[in-house]
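Quick notes on the structure that follows.
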Amino acid sequence: MLAACAVSADADHPLRALRVAEIAPPEVPAGWVTVDVKAASLNQHDVWSLRGVGLAADRLPMILGCDAAGVTDDGRPVIVYGVVNDPDFIGSDATYDPKRSLLSERYPGTFATQVRVPAGSLIDLPAELSFAEAACLPTAWLTAYRMLFTAAGVKPGDTVLVQGAGGGVATALTVLGSRAGLRVWVTSRDEARGARAVDLGADRAFPSGARLPERVDAVMETVGAATWSHSINCLRPGGTVVISGTTSGNQPSNAELTKIFFKPLRVIGSTMGTREELLALTRLLITTGARPVIDRVLPLGAAADGFAALIDGQVFGKIILEP
Ligand SMILES: NC(=O)c1ccc[n+]([C@@H]2O[C@H](COP(=O)([O-])OP(=O)(O)OC[C@H]3O[C@@H](n4cnc5c(N)ncnc54)[C@H](OP(=O)(O)O)[C@@H]3O)[C@@H](O)[C@H]2O)c1
């Protein structure tokens with residue numbers, strides 16, 4: 001089958017670690033099912049994997065990809081939930097399992113003609129969503145859903161700042177937040193991407209690092225080092241920063257510890273979400289009519305073009321790969 005794999009790790013030139021080729025299909029573990037992938041979506045996670053972050057050398061080569069929508073052997077259209085728990089994990093929140101992994105970390109991922117997943121990882125694809133739209137949901141959109149509705153503690157009418165306008169998580173935050181009655185402000189390094197976020201429902205867009213007209217109730221942080229100080233400075237006393245990513249690095253020049261305790265602020269880490277939150281997300285999309293923002297759709301064979309765009313940062317929304 002055709003697959004896009006990490007075959008090595010290259011921190012500086014991640015594209016050199018990518019190979020798209022025909023490979024033998026992986027084994028199907030007992031209790032797992034095979035899904036014919038109709039659409040998968042790229043995440044910054046896949047670039048981290050090519051850089052060797054979070055993917056150990058002894059697991060290479062590894063099929064990349066955390067998200068997919070497709071059809072099972074018996075013809076059921078499904079969305080693939082990408083968090084795989086340790087079989088011994090007991091608990092209701094999959095993200096609290098210290099031995100959890102995301103597809104493409106320990107088990108082969110979704111950038112292939114077929115993917116193998118635990119039978120319990122599938123949810124039915126609602127007729128209202130296309131395969132491409134559904135493939136955006138399990139990682140970026142689920143992460144945004146949890147950040148806003150589980151972690152942030154905000155309510156309709158509150159103001160939320162989204163750092164970065166163009167990313168998959170950022171566009172999801174803008175669409176979901178504005179549909180849920182939040183006043184969404186975004187920052188962007190690029191005026192045109194800021195304007196597009198306003199078209200999606202953001203109330204206002206500001207240049208990265210700009211002084212805001214007033215302090216906000218919560219900040220959604222996925223950029224990391226480049227925006228951390230700005231995030232802390234923008235919050236009202238008692239406000240909340242929810243962090244789920246560090247695209248620009250995880251070592252800010254100032255951790256802002258003093259401001260965090262003095263204001264005082266809440267700093268909440270957030271990662272992915274549960275299968276139940278994924279179900280709730282699909283219901284929210286159907287009820288509101290909101291849909292994922294798709295930057296482009298590429299054949300799986302052109303995966304390198306999608307990776308190059310993501311690495312360049314010239315993306316607005318999600319990049320879809322179709323086997
Ligand atoms: N914890 C989790 O479960 C989870 C799940 C999904 C994603 N993530 C993480 O979240 C982050 C975002 O992922 P993504 O897939 O949405 O895409 P992405 O391509 O990493 O998104 C980049 C975003 O960051 C902004 N940005 C990038 N570099 C910047 C810089 N130097 N200064 C200011 N802004 C910058 C961009 O905005 P502009 O270009 O508009 O400025 C864009 O919105 C990644 O680090 C990813 O690993 C974590």
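By order in the structure tokens, chains are A, B, ...; within a chain, residues start at 1; ligands start at 1, following the order shown.
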
DSSP helix (DSSP H, G or I) selection over range 163-297 of chain A, as an MDAnalysis selection string: chainID A and resid 168:179 191:200 228:234 257:262 275:288

Give me a file of those residues, with C-alpha atoms, as a PDB file, in the first residue's frame.
```pdb
ATOM      1  CA  GLY A 168      -5.138  24.180  12.179  1.00  0.00           C
ATOM      2  CA  VAL A 169      -5.776  24.587  15.902  1.00  0.00           C
ATOM      3  CA  ALA A 170      -5.999  28.385  15.610  1.00  0.00           C
ATOM      4  CA  THR A 171      -8.622  28.330  12.849  1.00  0.00           C
ATOM      5  CA  ALA A 172     -10.607  25.765  14.838  1.00  0.00           C
ATOM      6  CA  LEU A 173     -10.448  27.968  17.940  1.00  0.00           C
ATOM      7  CA  THR A 174     -11.704  30.940  15.940  1.00  0.00           C
ATOM      8  CA  VAL A 175     -14.619  29.079  14.358  1.00  0.00           C
ATOM      9  CA  LEU A 176     -15.669  27.201  17.505  1.00  0.00           C
ATOM     10  CA  GLY A 177     -15.203  30.163  19.847  1.00  0.00           C
ATOM     11  CA  SER A 178     -17.145  32.630  17.730  1.00  0.00           C
ATOM     12  CA  ARG A 179     -19.979  30.124  17.128  1.00  0.00           C
ATOM     13  CA  GLU A 191      -2.252  40.867   7.975  1.00  0.00           C
ATOM     14  CA  ALA A 192      -4.033  38.794   5.312  1.00  0.00           C
ATOM     15  CA  ARG A 193      -4.278  35.749   7.622  1.00  0.00           C
ATOM     16  CA  GLY A 194      -5.638  38.012  10.371  1.00  0.00           C
ATOM     17  CA  ALA A 195      -8.276  39.329   7.954  1.00  0.00           C
ATOM     18  CA  ARG A 196      -9.247  35.779   7.015  1.00  0.00           C
ATOM     19  CA  ALA A 197      -9.710  34.969  10.704  1.00  0.00           C
ATOM     20  CA  VAL A 198     -12.139  37.900  10.936  1.00  0.00           C
ATOM     21  CA  ASP A 199     -14.003  36.426   7.959  1.00  0.00           C
ATOM     22  CA  LEU A 200     -14.266  33.183   9.953  1.00  0.00           C
ATOM     23  CA  TRP A 228       4.345  33.532  25.746  1.00  0.00           C
ATOM     24  CA  SER A 229       5.116  36.913  27.311  1.00  0.00           C
ATOM     25  CA  HIS A 230       2.424  38.572  25.222  1.00  0.00           C
ATOM     26  CA  SER A 231      -0.088  35.944  26.352  1.00  0.00           C
ATOM     27  CA  ILE A 232       0.688  36.578  30.021  1.00  0.00           C
ATOM     28  CA  ASN A 233       0.608  40.362  29.605  1.00  0.00           C
ATOM     29  CA  CYS A 234      -2.745  40.293  27.779  1.00  0.00           C
ATOM     30  CA  LEU A 257       6.684  33.542  36.826  1.00  0.00           C
ATOM     31  CA  THR A 258       6.238  36.721  38.819  1.00  0.00           C
ATOM     32  CA  LYS A 259       3.323  37.966  36.738  1.00  0.00           C
ATOM     33  CA  ILE A 260       1.713  34.517  36.852  1.00  0.00           C
ATOM     34  CA  PHE A 261       1.522  34.503  40.665  1.00  0.00           C
ATOM     35  CA  PHE A 262       1.033  38.224  41.190  1.00  0.00           C
ATOM     36  CA  ARG A 275     -13.598  10.192  22.359  1.00  0.00           C
ATOM     37  CA  GLU A 276     -16.722  11.655  24.008  1.00  0.00           C
ATOM     38  CA  GLU A 277     -15.466  15.193  23.322  1.00  0.00           C
ATOM     39  CA  LEU A 278     -14.877  14.182  19.684  1.00  0.00           C
ATOM     40  CA  LEU A 279     -18.502  13.035  19.507  1.00  0.00           C
ATOM     41  CA  ALA A 280     -19.665  16.304  21.062  1.00  0.00           C
ATOM     42  CA  LEU A 281     -17.537  18.238  18.561  1.00  0.00           C
ATOM     43  CA  THR A 282     -19.214  16.497  15.619  1.00  0.00           C
ATOM     44  CA  ARG A 283     -22.626  17.311  17.110  1.00  0.00           C
ATOM     45  CA  LEU A 284     -21.603  20.965  17.529  1.00  0.00           C
ATOM     46  CA  LEU A 285     -20.603  21.174  13.863  1.00  0.00           C
ATOM     47  CA  ILE A 286     -23.869  19.638  12.717  1.00  0.00           C
ATOM     48  CA  THR A 287     -25.981  21.854  14.968  1.00  0.00           C
ATOM     49  CA  THR A 288     -24.245  25.119  14.114  1.00  0.00           C
TER      50      THR A 288
END
```

Tyr107 in chain A environment, 10 Å, only C-alpha atoms, sequence neighbours closer than 3 positions dropped, as a count of residues only: 14

Nearby polymer residues, ligand 1, at most 8 Å, only C-alpha atoms and all ligand atoms, as number ranges by chain: A: 42-45, 48, 139-144, 163-171, 187-190, 193-194, 208, 222-227, 243-248, 270-273, 310-311, 313-318

Secondary structure check, strand (DSSP E or B) residues of range 12-212 of chain A, as a VMD selection string: chain A and resid 18 to 22 32 to 41 62 to 63 67 to 72 77 to 80 83 to 84 101 to 102 112 114 to 118 122 to 124 159 to 162 183 to 188 204 to 207

Okay, now the selection with N, CA and C atoms, as a short mmCIF file (atom, residue, chain, number, x, y, z; two decimals), in the first residue's frame?
```
data_model
loop_
_atom_site.label_atom_id
_atom_site.label_comp_id
_atom_site.auth_asym_id
_atom_site.auth_seq_id
_atom_site.Cartn_x
_atom_site.Cartn_y
_atom_site.Cartn_z
N LEU A 18 11.40 12.26 5.14
CA LEU A 18 10.10 11.78 4.64
C LEU A 18 10.30 10.89 3.42
N ARG A 19 9.58 9.76 3.39
CA ARG A 19 9.56 8.96 2.17
C ARG A 19 8.12 8.53 1.89
N VAL A 20 7.68 8.73 0.65
CA VAL A 20 6.35 8.27 0.23
C VAL A 20 6.58 7.13 -0.73
N ALA A 21 6.14 5.93 -0.36
CA ALA A 21 6.47 4.75 -1.17
C ALA A 21 5.46 3.64 -0.91
N GLU A 22 5.47 2.65 -1.76
CA GLU A 22 4.68 1.44 -1.55
C GLU A 22 5.36 0.59 -0.47
N TRP A 32 -8.19 -5.27 16.75
CA TRP A 32 -8.09 -4.04 15.96
C TRP A 32 -8.81 -4.26 14.63
N VAL A 33 -9.16 -3.15 13.99
CA VAL A 33 -9.85 -3.23 12.70
C VAL A 33 -9.08 -2.42 11.67
N THR A 34 -9.35 -2.73 10.41
CA THR A 34 -8.70 -2.02 9.31
C THR A 34 -9.67 -1.00 8.72
N VAL A 35 -9.18 0.20 8.49
CA VAL A 35 -9.99 1.26 7.87
C VAL A 35 -9.33 1.66 6.56
N ASP A 36 -10.12 1.67 5.47
CA ASP A 36 -9.63 2.24 4.21
C ASP A 36 -9.67 3.76 4.37
N VAL A 37 -8.52 4.38 4.31
CA VAL A 37 -8.45 5.83 4.56
C VAL A 37 -8.95 6.58 3.32
N LYS A 38 -9.94 7.43 3.53
CA LYS A 38 -10.44 8.28 2.43
C LYS A 38 -9.81 9.66 2.50
N ALA A 39 -9.53 10.12 3.71
CA ALA A 39 -8.87 11.42 3.88
C ALA A 39 -8.12 11.41 5.21
N ALA A 40 -6.97 12.06 5.20
CA ALA A 40 -6.18 12.24 6.44
C ALA A 40 -5.75 13.70 6.45
N SER A 41 -5.39 14.22 7.63
CA SER A 41 -4.95 15.62 7.63
C SER A 41 -3.59 15.75 8.30
N MET A 62 8.30 4.76 10.35
CA MET A 62 6.96 4.86 10.93
C MET A 62 6.03 5.58 9.96
N ILE A 63 4.86 5.00 9.72
CA ILE A 63 3.85 5.70 8.91
C ILE A 63 3.35 6.89 9.73
N ASP A 67 -4.67 11.66 12.06
CA ASP A 67 -6.10 11.86 11.80
C ASP A 67 -6.54 11.11 10.57
N ALA A 68 -7.74 10.56 10.60
CA ALA A 68 -8.28 9.98 9.38
C ALA A 68 -9.80 9.85 9.46
N ALA A 69 -10.39 9.83 8.27
CA ALA A 69 -11.77 9.39 8.11
C ALA A 69 -11.77 8.40 6.97
N GLY A 70 -12.60 7.37 7.07
CA GLY A 70 -12.57 6.35 6.03
C GLY A 70 -13.72 5.38 6.18
N VAL A 71 -13.51 4.18 5.67
CA VAL A 71 -14.57 3.16 5.63
C VAL A 71 -13.99 1.85 6.13
N THR A 72 -14.73 1.18 7.02
CA THR A 72 -14.26 -0.12 7.53
C THR A 72 -14.52 -1.23 6.50
N PRO A 77 -18.84 4.06 7.31
CA PRO A 77 -18.04 5.29 7.25
C PRO A 77 -17.72 5.76 8.68
N VAL A 78 -16.44 6.04 8.94
CA VAL A 78 -16.02 6.31 10.32
C VAL A 78 -15.02 7.47 10.40
N ILE A 79 -14.92 8.02 11.61
CA ILE A 79 -13.85 8.93 11.98
C ILE A 79 -12.95 8.17 12.95
N VAL A 80 -11.64 8.30 12.78
CA VAL A 80 -10.69 7.57 13.63
C VAL A 80 -10.23 8.48 14.77
N VAL A 83 -6.04 8.69 19.78
CA VAL A 83 -5.34 8.37 21.02
C VAL A 83 -5.49 6.88 21.30
N VAL A 84 -4.38 6.19 21.49
CA VAL A 84 -4.42 4.75 21.81
C VAL A 84 -3.93 4.57 23.24
N SER A 101 -0.51 6.73 23.49
CA SER A 101 0.24 7.24 22.35
C SER A 101 -0.76 7.71 21.32
N LEU A 102 -0.26 8.49 20.40
CA LEU A 102 -1.07 8.99 19.30
C LEU A 102 -0.67 8.17 18.08
N ALA A 112 -1.71 6.62 4.74
CA ALA A 112 -1.55 5.36 4.01
C ALA A 112 -2.91 4.97 3.45
N GLN A 114 -4.44 2.32 4.06
CA GLN A 114 -5.21 1.72 5.15
C GLN A 114 -4.53 2.03 6.49
N VAL A 115 -5.34 2.06 7.55
CA VAL A 115 -4.79 2.20 8.90
C VAL A 115 -5.46 1.17 9.81
N ARG A 116 -4.68 0.63 10.77
CA ARG A 116 -5.21 -0.32 11.75
C ARG A 116 -5.42 0.42 13.07
N VAL A 117 -6.60 0.24 13.68
CA VAL A 117 -6.90 0.93 14.94
C VAL A 117 -7.70 0.02 15.85
N PRO A 118 -7.64 0.27 17.18
CA PRO A 118 -8.52 -0.49 18.08
C PRO A 118 -9.98 -0.25 17.69
N LEU A 122 -13.23 3.98 16.86
CA LEU A 122 -14.00 4.52 15.73
C LEU A 122 -15.28 5.18 16.20
N ILE A 123 -15.62 6.29 15.55
CA ILE A 123 -16.98 6.82 15.74
C ILE A 123 -17.60 6.94 14.35
N ASP A 124 -18.93 6.86 14.31
CA ASP A 124 -19.61 6.92 13.02
C ASP A 124 -19.42 8.29 12.39
N THR A 159 -14.02 37.34 26.42
CA THR A 159 -13.08 37.60 25.33
C THR A 159 -11.92 36.64 25.42
N VAL A 160 -11.64 35.99 24.28
CA VAL A 160 -10.57 35.00 24.20
C VAL A 160 -9.59 35.43 23.12
N LEU A 161 -8.31 35.43 23.47
CA LEU A 161 -7.28 35.75 22.47
C LEU A 161 -6.69 34.45 21.94
N VAL A 162 -6.66 34.30 20.61
CA VAL A 162 -6.05 33.15 19.95
C VAL A 162 -4.72 33.62 19.36
N ARG A 183 -16.20 36.38 22.34
CA ARG A 183 -15.58 37.41 21.50
C ARG A 183 -14.14 36.97 21.26
N VAL A 184 -13.84 36.60 20.00
CA VAL A 184 -12.54 36.03 19.68
C VAL A 184 -11.65 37.09 19.05
N TRP A 185 -10.49 37.30 19.67
CA TRP A 185 -9.47 38.15 19.08
C TRP A 185 -8.33 37.23 18.66
N VAL A 186 -7.69 37.55 17.54
CA VAL A 186 -6.55 36.74 17.09
C VAL A 186 -5.35 37.65 16.86
N THR A 187 -4.16 37.03 16.93
CA THR A 187 -2.96 37.72 16.46
C THR A 187 -2.44 36.95 15.26
N SER A 188 -1.72 37.66 14.39
CA SER A 188 -1.06 36.97 13.28
C SER A 188 0.16 37.76 12.84
N ARG A 204 -11.80 40.71 16.05
CA ARG A 204 -10.71 41.59 15.61
C ARG A 204 -9.44 40.79 15.44
N ALA A 205 -8.54 41.30 14.59
CA ALA A 205 -7.22 40.69 14.41
C ALA A 205 -6.16 41.75 14.67
N PHE A 206 -5.09 41.34 15.31
CA PHE A 206 -4.00 42.25 15.67
C PHE A 206 -2.67 41.67 15.17
N PRO A 207 -1.68 42.53 14.91
CA PRO A 207 -0.35 41.99 14.60
C PRO A 207 0.20 41.24 15.80
#
```

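Note that CA of Ala202 in chain A and CA of Gly65 in chain A are 29.1 Å apart.
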
Leu50 in chain A environment, 9 Å, only C-alpha atoms, sequence neighbours closer than 2 positions dropped, as a short mmCIF file (atom, residue, chain, number, x, y, z; two decimals) with C-alpha atoms, in the first residue's frame:
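Ended up saving to out-v6.cif:
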```
data_model
loop_
_atom_site.label_atom_id
_atom_site.label_comp_id
_atom_site.auth_asym_id
_atom_site.auth_seq_id
_atom_site.Cartn_x
_atom_site.Cartn_y
_atom_site.Cartn_z
CA CYS A 5 6.71 7.49 6.39
CA ALA A 6 9.38 8.98 8.61
CA VAL A 7 12.48 6.95 7.68
CA SER A 8 14.99 8.94 9.74
CA ALA A 9 15.08 12.03 11.95
CA ASP A 10 16.34 15.37 10.67
CA ALA A 11 15.91 18.28 13.07
CA HIS A 13 15.68 19.50 7.27
CA PRO A 14 12.58 17.46 8.19
CA LEU A 15 11.58 16.88 4.56
CA ARG A 16 14.73 14.78 4.10
CA ALA A 17 13.33 12.31 6.64
CA LEU A 18 10.10 11.78 4.64
CA HIS A 45 2.92 16.75 15.04
CA ASP A 46 3.94 15.05 11.78
CA VAL A 47 6.69 17.65 11.27
CA TRP A 48 7.89 17.11 14.86
CA GLY A 52 12.84 13.28 15.67
CA VAL A 53 10.76 14.84 18.44
CA LEU A 55 9.41 9.49 17.74
CA LEU A 64 2.96 9.30 9.82
#
```

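Rounded to one decimal, CA of Asp203 in chain A and CA of Gly238 in chain A lie 22.5 Å from each other.
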